[in-house]
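Asks: What follows is query10.tsv; its format and atoms are TSV, C-alpha atoms.
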chain	number	residue	atom	x	y	z
A	2	MET	CA	8.24	-22.51	36.53
A	3	ALA	CA	6.54	-20.94	33.53
A	4	ARG	CA	6.31	-17.17	33.70
A	5	LEU	CA	3.28	-15.12	32.66
A	6	PRO	CA	3.77	-12.55	29.88
A	7	ASP	CA	4.61	-9.13	31.27
A	8	HIS	CA	1.30	-7.61	30.20
A	9	LEU	CA	-0.59	-10.23	32.29
A	10	LEU	CA	1.43	-9.75	35.46
A	11	PRO	CA	-0.02	-7.65	38.28
A	12	ALA	CA	0.92	-4.03	37.80
A	13	ALA	CA	3.73	-2.75	39.96
A	14	VAL	CA	2.94	0.08	42.36
A	15	GLY	CA	2.89	3.34	40.42
A	16	LYS	CA	2.74	1.60	37.03
A	17	GLU	CA	-0.25	1.07	34.79
A	18	ARG	CA	-1.01	-2.21	33.04
A	19	ILE	CA	-1.19	-2.22	29.26
A	20	SER	CA	-4.77	-1.56	28.25
A	21	LYS	CA	-6.94	-4.16	26.57
A	22	GLN	CA	-7.15	-1.85	23.55
A	23	ALA	CA	-3.36	-1.73	23.24
A	24	VAL	CA	-3.15	-5.52	23.44
A	25	GLU	CA	-5.81	-5.85	20.72
A	26	GLN	CA	-3.98	-3.36	18.51
A	27	HIS	CA	-0.78	-5.36	18.88
A	28	GLN	CA	-2.60	-8.61	18.09
A	29	ARG	CA	-4.36	-7.04	15.13
A	30	ARG	CA	-1.13	-5.78	13.61
A	31	ARG	CA	0.53	-9.16	14.11
A	32	VAL	CA	-2.34	-10.91	12.33
A	33	LEU	CA	-2.31	-8.37	9.50
A	34	LEU	CA	1.40	-8.88	8.92
A	35	ALA	CA	0.94	-12.66	8.94
A	36	SER	CA	-2.03	-12.44	6.56
A	37	THR	CA	-0.05	-10.50	3.95
A	38	GLU	CA	1.66	-13.56	2.54
A	39	VAL	CA	-1.54	-15.63	2.72
A	40	PHE	CA	-3.61	-13.12	0.74
A	41	ALA	CA	-0.78	-12.45	-1.71
A	42	ARG	CA	0.01	-16.10	-2.45
A	43	ARG	CA	-3.50	-17.57	-2.38
A	44	GLY	CA	-5.50	-14.57	-3.56
A	45	TYR	CA	-8.34	-12.94	-1.66
A	46	GLN	CA	-11.09	-15.22	-2.96
A	47	SER	CA	-9.22	-18.45	-2.15
A	48	THR	CA	-8.02	-17.37	1.30
A	49	THR	CA	-9.89	-18.70	4.33
A	50	VAL	CA	-9.96	-17.53	7.94
A	51	ASP	CA	-8.48	-20.88	8.97
A	52	GLN	CA	-5.45	-20.20	6.78
A	53	ILE	CA	-5.00	-16.74	8.28
A	54	VAL	CA	-5.21	-17.92	11.89
A	55	ALA	CA	-2.78	-20.75	11.12
A	56	ALA	CA	-0.28	-18.28	9.69
A	57	ALA	CA	-0.73	-15.91	12.65
A	58	GLN	CA	-0.70	-18.79	15.17
A	59	ILE	CA	-3.83	-17.65	16.96
A	60	GLY	CA	-7.23	-19.17	17.62
A	61	VAL	CA	-10.33	-18.58	15.53
A	62	GLY	CA	-12.00	-16.99	18.54
A	63	THR	CA	-9.16	-14.51	18.91
A	64	PHE	CA	-9.43	-13.66	15.21
A	65	TYR	CA	-13.13	-12.86	15.46
A	66	GLY	CA	-12.46	-10.87	18.61
A	67	ILE	CA	-10.39	-8.35	16.62
A	68	PHE	CA	-11.88	-8.64	13.11
A	69	GLU	CA	-15.41	-8.91	11.81
A	70	GLY	CA	-14.28	-11.47	9.25
A	71	LYS	CA	-11.98	-12.04	6.30
A	72	GLU	CA	-13.10	-8.90	4.45
A	73	ASP	CA	-12.49	-6.70	7.49
A	74	CYS	CA	-9.02	-8.22	7.86
A	75	PHE	CA	-8.23	-7.57	4.20
A	76	LEU	CA	-9.48	-3.97	4.29
A	77	ARG	CA	-7.46	-3.19	7.40
A	78	LEU	CA	-4.40	-4.74	5.77
A	79	TYR	CA	-4.94	-2.63	2.64
A	80	ASP	CA	-5.21	0.52	4.77
A	81	LEU	CA	-2.05	-0.39	6.68
A	82	ILE	CA	-0.03	-0.94	3.51
A	83	VAL	CA	-1.25	2.28	1.88
A	84	ALA	CA	-0.65	4.33	5.04
A	85	ASP	CA	2.92	2.99	5.26
A	86	ALA	CA	3.54	3.84	1.60
A	87	GLU	CA	2.18	7.37	2.05
A	88	GLU	CA	4.37	7.90	5.10
A	89	ARG	CA	7.46	6.76	3.21
A	90	VAL	CA	6.66	9.09	0.31
A	91	ALA	CA	6.09	12.02	2.66
A	92	THR	CA	9.48	11.36	4.27
A	93	ALA	CA	11.32	10.95	0.96
A	94	VAL	CA	9.87	13.89	-0.95
A	95	ASP	CA	11.01	17.47	-0.38
A	96	ALA	CA	7.77	19.48	-0.19
A	97	GLU	CA	9.65	22.57	-1.40
A	98	ALA	CA	11.09	20.93	-4.52
A	99	PRO	CA	9.69	21.63	-8.00
A	100	TRP	CA	6.62	19.59	-8.94
A	101	ARG	CA	8.36	17.32	-11.46
A	102	ASP	CA	11.11	16.47	-8.94
A	103	ARG	CA	8.48	15.57	-6.35
A	104	VAL	CA	6.72	13.32	-8.85
A	105	VAL	CA	9.96	11.49	-9.70
A	106	GLU	CA	10.92	11.09	-6.04
A	107	ALA	CA	7.45	9.82	-5.11
A	108	LEU	CA	7.47	7.37	-8.03
A	109	THR	CA	10.98	6.19	-7.10
A	110	THR	CA	9.93	5.57	-3.51
A	111	LEU	CA	6.81	3.65	-4.50
A	112	LEU	CA	8.59	1.48	-7.07
A	113	GLU	CA	11.42	0.66	-4.67
A	114	LEU	CA	8.89	-0.20	-1.96
A	115	ALA	CA	6.90	-2.42	-4.33
A	116	ALA	CA	10.09	-4.17	-5.42
A	117	ALA	CA	11.17	-4.74	-1.81
A	118	GLN	CA	7.72	-5.82	-0.62
A	119	PRO	CA	6.05	-7.57	-3.58
A	120	ASP	CA	3.44	-9.30	-1.40
A	121	SER	CA	2.21	-5.97	-0.06
A	122	ALA	CA	2.24	-4.49	-3.55
A	123	ARG	CA	0.21	-7.43	-4.82
A	124	ILE	CA	-2.39	-6.88	-2.08
A	125	VAL	CA	-2.94	-3.29	-3.23
A	126	ILE	CA	-2.56	-3.60	-6.99
A	127	VAL	CA	-3.68	-7.13	-7.83
A	128	GLU	CA	-6.04	-8.33	-5.11
A	129	ALA	CA	-7.89	-5.18	-3.98
A	130	PRO	CA	-9.65	-4.50	-7.33
A	131	ARG	CA	-11.20	-7.98	-7.22
A	132	ALA	CA	-11.81	-8.40	-3.49
A	133	GLY	CA	-15.35	-7.02	-3.37
A	134	ARG	CA	-17.04	-3.64	-3.49
A	135	ALA	CA	-15.46	-2.19	-0.35
A	136	ALA	CA	-11.94	-3.11	-1.49
A	137	GLU	CA	-12.66	-1.83	-5.00
A	138	ALA	CA	-13.77	1.48	-3.49
A	139	ARG	CA	-10.56	1.67	-1.42
A	140	TYR	CA	-8.50	1.05	-4.55
A	141	ALA	CA	-10.41	3.64	-6.58
A	142	GLU	CA	-9.87	6.19	-3.80
A	143	THR	CA	-6.14	5.51	-3.81
A	144	VAL	CA	-5.97	5.99	-7.59
A	145	SER	CA	-7.92	9.25	-7.27
A	146	ARG	CA	-5.56	10.61	-4.60
A	147	LEU	CA	-2.53	9.82	-6.75
A	148	ALA	CA	-4.20	11.40	-9.76
A	149	GLU	CA	-4.94	14.53	-7.74
A	150	GLY	CA	-1.26	14.86	-6.80
A	151	LEU	CA	-0.31	14.52	-10.45
A	152	ARG	CA	-2.88	17.12	-11.48
A	153	GLU	CA	-0.89	19.78	-9.64
A	154	GLY	CA	1.45	19.84	-12.63
A	155	ARG	CA	-1.17	21.61	-14.72
A	156	SER	CA	-0.18	24.91	-13.16
A	157	ASP	CA	3.23	24.58	-14.83
A	158	ALA	CA	2.08	22.96	-18.07
A	159	ALA	CA	2.65	24.69	-21.37
A	160	ALA	CA	-0.18	25.41	-23.76
A	161	GLY	CA	-1.78	22.27	-25.16
A	162	GLY	CA	-1.11	20.25	-22.01
A	163	PRO	CA	-2.67	16.90	-21.14
A	164	THR	CA	-6.37	16.15	-21.60
A	165	ALA	CA	-8.78	16.45	-18.68
A	166	SER	CA	-8.75	12.72	-17.99
A	167	PHE	CA	-4.99	12.23	-18.30
A	168	GLU	CA	-4.10	12.01	-14.62
A	169	HIS	CA	-6.54	9.27	-13.74
A	170	ALA	CA	-5.74	7.32	-16.90
A	171	ALA	CA	-1.99	7.69	-16.31
A	172	VAL	CA	-2.13	6.38	-12.74
A	173	ALA	CA	-4.43	3.53	-13.76
A	174	GLY	CA	-2.13	2.69	-16.66
A	175	LEU	CA	0.99	2.53	-14.52
A	176	ALA	CA	-0.87	0.43	-11.95
A	177	TRP	CA	-1.83	-1.98	-14.73
A	178	THR	CA	1.80	-2.24	-15.82
A	179	LEU	CA	2.75	-3.24	-12.29
A	180	HIS	CA	-0.29	-5.52	-12.07
A	181	GLN	CA	0.89	-7.54	-15.06
A	182	ARG	CA	4.27	-8.16	-13.44
A	183	LEU	CA	3.09	-8.77	-9.88
A	184	ALA	CA	0.27	-11.12	-10.94
A	185	VAL	CA	2.76	-13.60	-12.40
A	186	GLY	CA	5.48	-13.06	-9.82
A	187	ARG	CA	7.87	-11.16	-12.08
A	188	PRO	CA	10.38	-9.02	-10.15
A	189	LEU	CA	10.05	-5.28	-10.58
A	190	ALA	CA	13.16	-3.90	-12.27
A	191	VAL	CA	13.12	-0.39	-10.82
A	192	ARG	CA	16.04	0.90	-12.92
A	193	THR	CA	14.24	-0.14	-16.09
A	194	LEU	CA	10.73	0.94	-15.12
A	195	LEU	CA	11.56	4.26	-13.46
A	196	PRO	CA	12.84	6.29	-16.45
A	197	GLU	CA	9.96	5.22	-18.69
A	198	MET	CA	7.27	5.76	-16.05
A	199	ALA	CA	8.70	9.08	-14.87
A	200	ASP	CA	8.84	10.49	-18.39
A	201	PHE	CA	5.34	9.16	-19.09
A	202	LEU	CA	3.99	11.10	-16.10
A	203	VAL	CA	5.96	14.33	-16.44
A	204	ALA	CA	6.42	14.81	-20.20
A	205	PRO	CA	2.79	15.82	-20.93
A	206	TYR	CA	3.30	18.82	-18.62
A	207	ALA	CA	6.98	19.71	-18.92
A	208	GLY	CA	8.06	18.23	-22.25
A	209	ALA	CA	9.75	14.99	-23.27
A	210	GLY	CA	13.07	14.12	-21.66
A	211	THR	CA	12.69	16.50	-18.72
A	212	THR	CA	13.16	13.71	-16.16
A	213	LYS	CA	16.52	12.54	-17.56
A	214	ARG	CA	19.52	13.36	-15.45
Would you mind writing the file's structure down as structure tokens?

Replies:
Amino acid sequence: MARLPDHLLPAAVGKERISKQAVEQHQRRRVLLASTEVFARRGYQSTTVDQIVAAAQIGVGTFYGIFEGKEDCFLRLYDLIVADAEERVATAVDAEAPWRDRVVEALTTLLELAAAQPDSARIVIVEAPRAGRAAEARYAETVSRLAEGLREGRSDAAAGGPTASFEHAAVAGLAWTLHQRLAVGRPLAVRTLLPEMADFLVAPYAGAGTTKR
């Protein structure tokens, strides 16, 4: 005889059933993970809700029960990917280390993550800037946060340091470098990209060659 899933069985005495909210959160995450490949391979504009529900193996009604539509799904996916990246950086970087070491460690973590999860990286770097105003705003906010972290280096910069707009331009420039590779499916060679990108970010504050080990 077929057995009901545990979360649908009557609760045992002294035990609480999983809440409807918890079930929805689990479903939402499962759909987001399934939608990553769909958005990355087809692009935001060409992706349909039918394609997402097919990948997630759920019904259209279930989809609209946990998302307002395709845009809401994409925005939640973007937030999930960025939050995971930020958590990984926070874990990898020693908050007590010198600024330039923190920059290199953060950059290393992000590049390795992008190389290991190119679909997720494509969502953030390639698709978000062209997925509508809300997604563009999310992307711009992410760039601004990264630029703000880079700006901390000004306290250690020698006289004649970077121009006022350097941080934002630097982050946008590195994102564009990754965009060009991800957009055509080129693998990210971390060992090649890291030294050049790290020196590009740190040298204007601490001098050329300061990131070489």

Asks: Compile a residue-level contact table for region 92-209 of chain A against region 34-44 of chain A at a cut-off of 7 Å, reporting for every qualifying residue the shortest atom pair and its distance in Å to one decimal, with all atoms listed in the file counted, rows ordered by chain and ascending number, as CSV.

Replies:
residue,atom,partner,partner_atom,distance
A:Asp120,CA,A:Ala41,CA,5.3
A:Ser121,CA,A:Thr37,CA,6.5
A:Arg123,CA,A:Ala41,CA,6.0
A:Ile124,CA,A:Ala41,CA,5.8
A:Glu128,CA,A:Gly44,CA,6.5

Asks: Determine, counting all atoms listed in the file, which protein, DNA and RNA residues have an atom within 12 Å of an atom of Arg146 (chain A); residues of the same chain fewer than 3 positions away are not included. Present the result as a PDB file with C-alpha atoms, keeping the file's coordinate frame.

Replies:
ATOM      1  CA  VAL A  83      -1.250   2.280   1.880  1.00  0.00           C
ATOM      2  CA  GLU A  87       2.180   7.370   2.050  1.00  0.00           C
ATOM      3  CA  ARG A 139     -10.560   1.670  -1.420  1.00  0.00           C
ATOM      4  CA  TYR A 140      -8.500   1.050  -4.550  1.00  0.00           C
ATOM      5  CA  ALA A 141     -10.410   3.640  -6.580  1.00  0.00           C
ATOM      6  CA  GLU A 142      -9.870   6.190  -3.800  1.00  0.00           C
ATOM      7  CA  THR A 143      -6.140   5.510  -3.810  1.00  0.00           C
ATOM      8  CA  GLU A 149      -4.940  14.530  -7.740  1.00  0.00           C
ATOM      9  CA  GLY A 150      -1.260  14.860  -6.800  1.00  0.00           C
ATOM     10  CA  LEU A 151      -0.310  14.520 -10.450  1.00  0.00           C
ATOM     11  CA  ARG A 152      -2.880  17.120 -11.480  1.00  0.00           C
ATOM     12  CA  GLU A 153      -0.890  19.780  -9.640  1.00  0.00           C
ATOM     13  CA  GLU A 168      -4.100  12.010 -14.620  1.00  0.00           C
ATOM     14  CA  HIS A 169      -6.540   9.270 -13.740  1.00  0.00           C
ATOM     15  CA  VAL A 172      -2.130   6.380 -12.740  1.00  0.00           C
ATOM     16  CA  ALA A 173      -4.430   3.530 -13.760  1.00  0.00           C
TER      17      ALA A 173
END

Asks: To one decimal in Å, tell me the separation between CA of Ala122 (chain A) and CA of Gln26 (chain A).

Replies: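 Between these atoms lies a distance of 22.9 Å.
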
Asks: Identify which of the residues A:Glu197, A:Arg187, A:Arg31, A:Thr164 lies closest to Leu78 (chain A), counting only C-alpha atoms when measuring atom-to-atom distances.

Replies: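 Checking each candidate against Leu78 (chain A), we get A:Arg31 as the closest.
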
Asks: Nearest to Val90 (chain A) among A:Val54, A:Ala107, A:Leu114, A:Leu76, with distances taken over all atoms listed in the file: which residue is it?

Replies: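 Among A:Val54, A:Ala107, A:Leu114, A:Leu76, it is A:Ala107 that comes nearest to Val90 (chain A).
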
Asks: As an exercise, work out the distance from CA of Phe201 (chain A) to CA of Phe167 (chain A) in Å and give it to one decimal place.

Replies: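 Answer for the CA of Phe201 (chain A) to CA of Phe167 (chain A) separation: 10.8 Å.
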
Asks: Write out as lines of an AutoDock Vina configuration file an axis-aligned box for region 98-114 of chain A: all of its atoms listed in the file, 5 Å added on each side, centre and edge lengths in Å with one decimal.

Replies:
center_x = 9.0
center_y = 10.7
center_z = -6.7
size_x = 14.8
size_y = 31.8
size_z = 19.5

Asks: List every protein, DNA or RNA residue that has at least one atom no more than 12 Å from (-9.8, -17.0, 6.9) in the file's coordinates, counting all atoms listed in the file, and write the result as a tab-separated table (two decimals) with C-alpha atoms, in the coordinates of the input.

Replies:
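Ended up saving to out34.tsv:
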chain	number	residue	atom	x	y	z
A	32	VAL	CA	-2.34	-10.91	12.33
A	33	LEU	CA	-2.31	-8.37	9.50
A	35	ALA	CA	0.94	-12.66	8.94
A	36	SER	CA	-2.03	-12.44	6.56
A	39	VAL	CA	-1.54	-15.63	2.72
A	40	PHE	CA	-3.61	-13.12	0.74
A	43	ARG	CA	-3.50	-17.57	-2.38
A	44	GLY	CA	-5.50	-14.57	-3.56
A	45	TYR	CA	-8.34	-12.94	-1.66
A	46	GLN	CA	-11.09	-15.22	-2.96
A	47	SER	CA	-9.22	-18.45	-2.15
A	48	THR	CA	-8.02	-17.37	1.30
A	49	THR	CA	-9.89	-18.70	4.33
A	50	VAL	CA	-9.96	-17.53	7.94
A	51	ASP	CA	-8.48	-20.88	8.97
A	52	GLN	CA	-5.45	-20.20	6.78
A	53	ILE	CA	-5.00	-16.74	8.28
A	54	VAL	CA	-5.21	-17.92	11.89
A	55	ALA	CA	-2.78	-20.75	11.12
A	56	ALA	CA	-0.28	-18.28	9.69
A	57	ALA	CA	-0.73	-15.91	12.65
A	59	ILE	CA	-3.83	-17.65	16.96
A	60	GLY	CA	-7.23	-19.17	17.62
A	61	VAL	CA	-10.33	-18.58	15.53
A	62	GLY	CA	-12.00	-16.99	18.54
A	64	PHE	CA	-9.43	-13.66	15.21
A	65	TYR	CA	-13.13	-12.86	15.46
A	68	PHE	CA	-11.88	-8.64	13.11
A	69	GLU	CA	-15.41	-8.91	11.81
A	70	GLY	CA	-14.28	-11.47	9.25
A	71	LYS	CA	-11.98	-12.04	6.30
A	72	GLU	CA	-13.10	-8.90	4.45
A	73	ASP	CA	-12.49	-6.70	7.49
A	74	CYS	CA	-9.02	-8.22	7.86
A	75	PHE	CA	-8.23	-7.57	4.20

Asks: For each of A:Val125, A:Leu111, A:Ala204, A:Val24, take the minimum atom-to-atom distance to Glu137 (chain A), counting all atoms listed in the file, then give the residue where this is smallest.

Replies: A:Val125

Asks: Could you tell me how far CA of Ala84 (chain A) lies from CA of Tyr206 (chain A), in Å and to one decimal?

Replies: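 Distance reported for this atom pair: 28.0 Å.
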
Asks: Compare A:Ile82, A:Ala170, A:Ala148, A:Val105 by their minimum atom-to-atom distance to Ala129 (chain A), counting only C-alpha atoms, and give me the closest one.

Replies: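 Closest to Ala129 (chain A) of all the choices is A:Ile82.
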
Asks: Hey, which of A:Asp102, A:Tyr79, A:Ser20, A:Glu25 ends up closest to Ala138 (chain A)? Count only C-alpha atoms.

Replies: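 Going through A:Asp102, A:Tyr79, A:Ser20, A:Glu25 one by one, the smallest distance to Ala138 (chain A) is for A:Tyr79.
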
Asks: Can you work out which one of A:Ala86, A:Ala136, A:Ile67, A:Leu147 has the shortest atom-to-atom distance to Lys21 (chain A), counting only C-alpha atoms?

Replies: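 When distances to Lys21 (chain A) are compared using only C-alpha atoms, the smallest one comes from A:Ile67.
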